[in-house]
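Participant: Got a structure here, written out as structure tokens. Questions coming.
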Amino acid sequence: MTCFAQGESGFFDNPVCQTNIGLAYAGSSLVGLNLNAALATCLSRLNYVSSLPSLNDVAAFAHRLLNLYVSQLAISSGGGAACEIALVGGCPVEGQIKIFYLYPETGDSGFSYVTESYSDQIVKDEFVLLLGADKERIARRIDEEREGQGVCWWRTPKRVIDSEVSDPLHESIGGHAQLGICTQTGFDVYSLCRPREPGKPAAYLNYLGFDVSHDIGVIGGCHIGMPGMS
């Protein structure tokens, strides 16, 4: 998200706020990808009028977009617009890390989206927000595997998600594990450091199932500089 104020030229060309916001979704790709594209475009250039937008404002905008989207496509009465979405970032106004969970709620006339919010100031260390299928089972597994983990306690959700995504028995869970880190200054996407052969030191950086160095790593005369983490 980038916000510009009026500069000496009289145009909105003076950047006064820039931060990254993470988005994750489970369910309808039609809804999730279109919301991501709309937010990326609209938030890439905001003109400052009276105040900076907070993450609450961004979440309210996303909520409005979602309800307009499913209404205009006339798919709110079926499963075609069922999508759970999480927005996460460091709020430039409140100075807090916040998560917004947007999900469909069914009523007599179909469904509309509602929003829940979480802040790093109020959630406990064991807080995990899960999207998609089998949330209760996965939450129980995380709790069970966290017992007696010591310093590895913090990494348990990632290990469990890695296992769930790669397990062919869970047909409703697919794709590739992704990793992002959020601080008060914004959200950054990381590639995953994977061994080329289990038990051997050679490794590569994986993003969306691709080898960053060999499959997608070169754009013109540049390499993708995405950081990695195991």
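Residues are named by chain letter and number: chains run A, B, ... in the order of the structure tokens, numbers start at 1 in each chain, and ligands are numbered from 1 in the order shown.
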Would you mind writing down, as a short mmCIF file (atom, residue, chain, number, x, y, z; two decimals) with C-alpha atoms, in the first residue's frame, each residue of range 53-195 of chain A that DSSP on the backbone assigns to alpha helix (DSSP H)?

Facilitator:
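Done, and the output landed in out.cif:
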```
data_model
loop_
_atom_site.label_atom_id
_atom_site.label_comp_id
_atom_site.auth_asym_id
_atom_site.auth_seq_id
_atom_site.Cartn_x
_atom_site.Cartn_y
_atom_site.Cartn_z
CA LEU A 55 -5.56 -1.61 8.40
CA ASN A 56 -9.11 -1.41 9.72
CA ASP A 57 -9.90 0.86 6.77
CA VAL A 58 -8.26 -1.56 4.34
CA ALA A 59 -10.19 -4.50 5.79
CA ALA A 60 -13.45 -2.54 5.55
CA PHE A 61 -12.65 -1.79 1.91
CA ALA A 62 -11.91 -5.48 1.23
CA HIS A 63 -15.17 -6.44 2.95
CA ARG A 64 -17.09 -3.99 0.76
CA LEU A 65 -15.40 -5.29 -2.38
CA LEU A 66 -16.25 -8.89 -1.49
CA ASN A 67 -19.93 -8.23 -0.94
CA LEU A 68 -20.17 -6.14 -4.11
CA TYR A 69 -18.35 -8.80 -6.06
CA VAL A 70 -20.58 -11.72 -5.09
CA SER A 71 -23.67 -9.55 -5.51
CA GLN A 72 -22.78 -8.38 -9.01
CA LYS A 135 -9.64 -26.61 10.67
CA GLU A 136 -10.69 -28.34 13.89
CA ARG A 137 -8.63 -31.46 13.18
CA ILE A 138 -5.55 -29.45 12.21
CA ALA A 139 -5.90 -27.22 15.28
CA ARG A 140 -5.99 -30.30 17.52
CA ARG A 141 -2.92 -31.71 15.79
CA ILE A 142 -1.02 -28.45 16.32
CA ASP A 143 -1.92 -28.46 20.02
CA GLU A 144 -0.86 -32.10 20.40
CA GLU A 145 2.46 -31.68 18.59
CA ARG A 146 3.31 -28.52 20.52
CA THR A 156 4.90 -26.35 15.12
CA PRO A 157 2.11 -24.75 13.02
CA LYS A 158 4.44 -24.50 10.02
CA ARG A 159 5.58 -28.12 10.36
CA VAL A 160 1.99 -29.32 10.61
CA ILE A 161 0.87 -27.28 7.59
CA ASP A 162 3.84 -28.60 5.57
CA SER A 163 2.79 -32.14 6.45
CA GLU A 164 -0.89 -31.54 5.67
CA VAL A 165 -0.17 -29.98 2.27
CA SER A 166 2.15 -32.80 1.20
#
```

Participant: Would you list the contacts of range 30-38 of chain A as a ChimeraX atom specification, taking every protein, DNA or RNA residue within 9 Å and counting only C-alpha atoms, but skipping same-chain residues closer than 2 positions in sequence?

Facilitator: /A:23-28,40-43,62,65-66,69-70,80-85

Participant: Would you mind reading off the distance between CA of Cys3 in chain A and CA of Gln121 in chain A, one decimal, in Å?

Facilitator: 25.6 Å

Participant: Could you list, as a ChimeraX atom specification, every residue within 10 Å of range 171-185 of chain A, counting only C-alpha atoms and ignoring same-chain residues fewer than 3 positions away?

Facilitator: /A:18-24,26-27,88-92,94-98,120,132-134,158-159,161-168,188-192,206-210,228-230

Participant: Please measure the separation of CA of Tyr113 in chain A and CA of Val49 in chain A, giving the value in Å to one decimal.

Facilitator: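 Going from CA of Tyr113 in chain A over to CA of Val49 in chain A covers 28.5 Å.
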
Participant: Which of range 19-181 of chain A end up as strand (DSSP E) when DSSP is run on this backbone - answer as a short mmCIF file (atom, residue, chain, number, x, y, z; two decimals) with N, CA and C atoms, in the first residue's frame?

Facilitator:
```
data_model
loop_
_atom_site.label_atom_id
_atom_site.label_comp_id
_atom_site.auth_asym_id
_atom_site.auth_seq_id
_atom_site.Cartn_x
_atom_site.Cartn_y
_atom_site.Cartn_z
N GLY A 22 -0.19 -8.65 3.67
CA GLY A 22 -0.30 -10.03 3.21
C GLY A 22 -1.76 -10.45 3.05
N LEU A 23 -2.00 -11.30 2.07
CA LEU A 23 -3.35 -11.85 1.85
C LEU A 23 -3.24 -13.34 1.62
N ALA A 24 -4.07 -14.09 2.33
CA ALA A 24 -4.18 -15.54 2.12
C ALA A 24 -5.65 -15.88 1.95
N TYR A 25 -5.93 -16.91 1.17
CA TYR A 25 -7.33 -17.30 1.02
C TYR A 25 -7.43 -18.81 0.86
N ALA A 26 -8.61 -19.32 1.16
CA ALA A 26 -8.94 -20.72 0.94
C ALA A 26 -10.36 -20.77 0.40
N GLY A 27 -10.57 -21.60 -0.61
CA GLY A 27 -11.89 -21.69 -1.21
C GLY A 27 -11.87 -21.23 -2.65
N LEU A 46 -2.72 5.56 -3.48
CA LEU A 46 -3.77 6.29 -2.76
C LEU A 46 -3.37 7.75 -2.65
N ASN A 47 -4.32 8.65 -2.85
CA ASN A 47 -4.06 10.08 -2.73
C ASN A 47 -4.48 10.56 -1.35
N CYS A 83 -15.39 -18.32 0.12
CA CYS A 83 -13.96 -18.10 0.21
C CYS A 83 -13.65 -17.50 1.58
N GLU A 84 -12.64 -18.04 2.24
CA GLU A 84 -12.16 -17.47 3.50
C GLU A 84 -10.88 -16.70 3.21
N ILE A 85 -10.76 -15.53 3.80
CA ILE A 85 -9.65 -14.64 3.48
C ILE A 85 -9.04 -14.10 4.76
N ALA A 86 -7.73 -14.00 4.78
CA ALA A 86 -7.02 -13.37 5.89
C ALA A 86 -6.15 -12.25 5.34
N LEU A 87 -6.26 -11.08 5.95
CA LEU A 87 -5.38 -9.95 5.66
C LEU A 87 -4.50 -9.74 6.88
N VAL A 88 -3.21 -9.56 6.67
CA VAL A 88 -2.29 -9.38 7.79
C VAL A 88 -1.26 -8.32 7.44
N GLY A 89 -0.95 -7.47 8.42
CA GLY A 89 0.05 -6.44 8.18
C GLY A 89 0.30 -5.62 9.42
N GLY A 90 1.29 -4.75 9.32
CA GLY A 90 1.56 -3.79 10.38
C GLY A 90 0.79 -2.52 10.10
N ILE A 97 0.48 -5.08 14.82
CA ILE A 97 0.30 -6.14 13.83
C ILE A 97 -1.14 -6.63 13.95
N LYS A 98 -1.86 -6.64 12.84
CA LYS A 98 -3.27 -7.00 12.90
C LYS A 98 -3.60 -8.03 11.83
N ILE A 99 -4.56 -8.88 12.15
CA ILE A 99 -5.08 -9.87 11.22
C ILE A 99 -6.58 -9.66 11.10
N PHE A 100 -7.07 -9.71 9.88
CA PHE A 100 -8.51 -9.63 9.64
C PHE A 100 -8.95 -10.90 8.91
N TYR A 101 -9.95 -11.53 9.46
CA TYR A 101 -10.48 -12.79 8.92
C TYR A 101 -11.84 -12.50 8.32
N LEU A 102 -11.96 -12.67 7.01
CA LEU A 102 -13.21 -12.43 6.29
C LEU A 102 -13.76 -13.77 5.82
N TYR A 103 -15.01 -14.04 6.14
CA TYR A 103 -15.58 -15.33 5.79
C TYR A 103 -17.07 -15.17 5.48
N PRO A 104 -17.64 -16.08 4.68
CA PRO A 104 -19.06 -15.98 4.33
C PRO A 104 -19.96 -16.51 5.43
N GLU A 105 -21.05 -15.83 5.62
CA GLU A 105 -22.06 -16.25 6.59
C GLU A 105 -23.38 -16.41 5.86
N THR A 106 -23.99 -17.57 5.99
CA THR A 106 -25.19 -17.88 5.23
C THR A 106 -26.45 -17.37 5.92
N GLY A 107 -27.33 -16.78 5.11
CA GLY A 107 -28.63 -16.32 5.60
C GLY A 107 -29.74 -16.79 4.68
N GLY A 110 -29.09 -16.13 0.88
CA GLY A 110 -27.75 -16.48 0.40
C GLY A 110 -26.74 -16.20 1.48
N PHE A 111 -25.60 -15.65 1.11
CA PHE A 111 -24.63 -15.30 2.15
C PHE A 111 -23.93 -14.00 1.82
N SER A 112 -23.41 -13.40 2.85
CA SER A 112 -22.58 -12.20 2.73
C SER A 112 -21.35 -12.41 3.60
N TYR A 113 -20.37 -11.55 3.41
CA TYR A 113 -19.12 -11.71 4.15
C TYR A 113 -19.14 -10.89 5.44
N VAL A 114 -18.53 -11.46 6.46
CA VAL A 114 -18.36 -10.79 7.74
C VAL A 114 -16.87 -10.77 8.08
N THR A 115 -16.50 -9.92 9.03
CA THR A 115 -15.09 -9.73 9.36
C THR A 115 -14.84 -9.87 10.85
N GLU A 116 -13.78 -10.59 11.19
CA GLU A 116 -13.27 -10.64 12.56
C GLU A 116 -11.86 -10.06 12.55
N SER A 117 -11.47 -9.40 13.63
CA SER A 117 -10.13 -8.81 13.69
C SER A 117 -9.37 -9.30 14.91
N TYR A 118 -8.05 -9.38 14.75
CA TYR A 118 -7.16 -9.82 15.82
C TYR A 118 -5.94 -8.90 15.83
N SER A 119 -5.42 -8.63 17.01
CA SER A 119 -4.25 -7.77 17.15
C SER A 119 -3.19 -8.47 17.98
N LEU A 179 5.24 -19.09 2.92
CA LEU A 179 5.70 -18.51 4.17
C LEU A 179 5.81 -17.00 4.04
N GLY A 180 5.30 -16.30 5.03
CA GLY A 180 5.44 -14.85 5.08
C GLY A 180 5.70 -14.44 6.52
N ILE A 181 6.38 -13.33 6.69
CA ILE A 181 6.68 -12.81 8.02
C ILE A 181 6.17 -11.38 8.11
#
```

Participant: Find the distance between CA of Gln6 in chain A and CA of Pro53 in chain A and write it in Å to one decimal.

Facilitator: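 Pair CA of Gln6 in chain A / CA of Pro53 in chain A returns 16.1 Å.
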
Participant: My list of candidates is A:Lys124, A:Arg45, A:Lys200, A:His170. Which is closest to Cys17 in chain A when distances are computed with only C-alpha atoms?

Facilitator: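 Closest to Cys17 in chain A, using only C-alpha atoms: A:Arg45.
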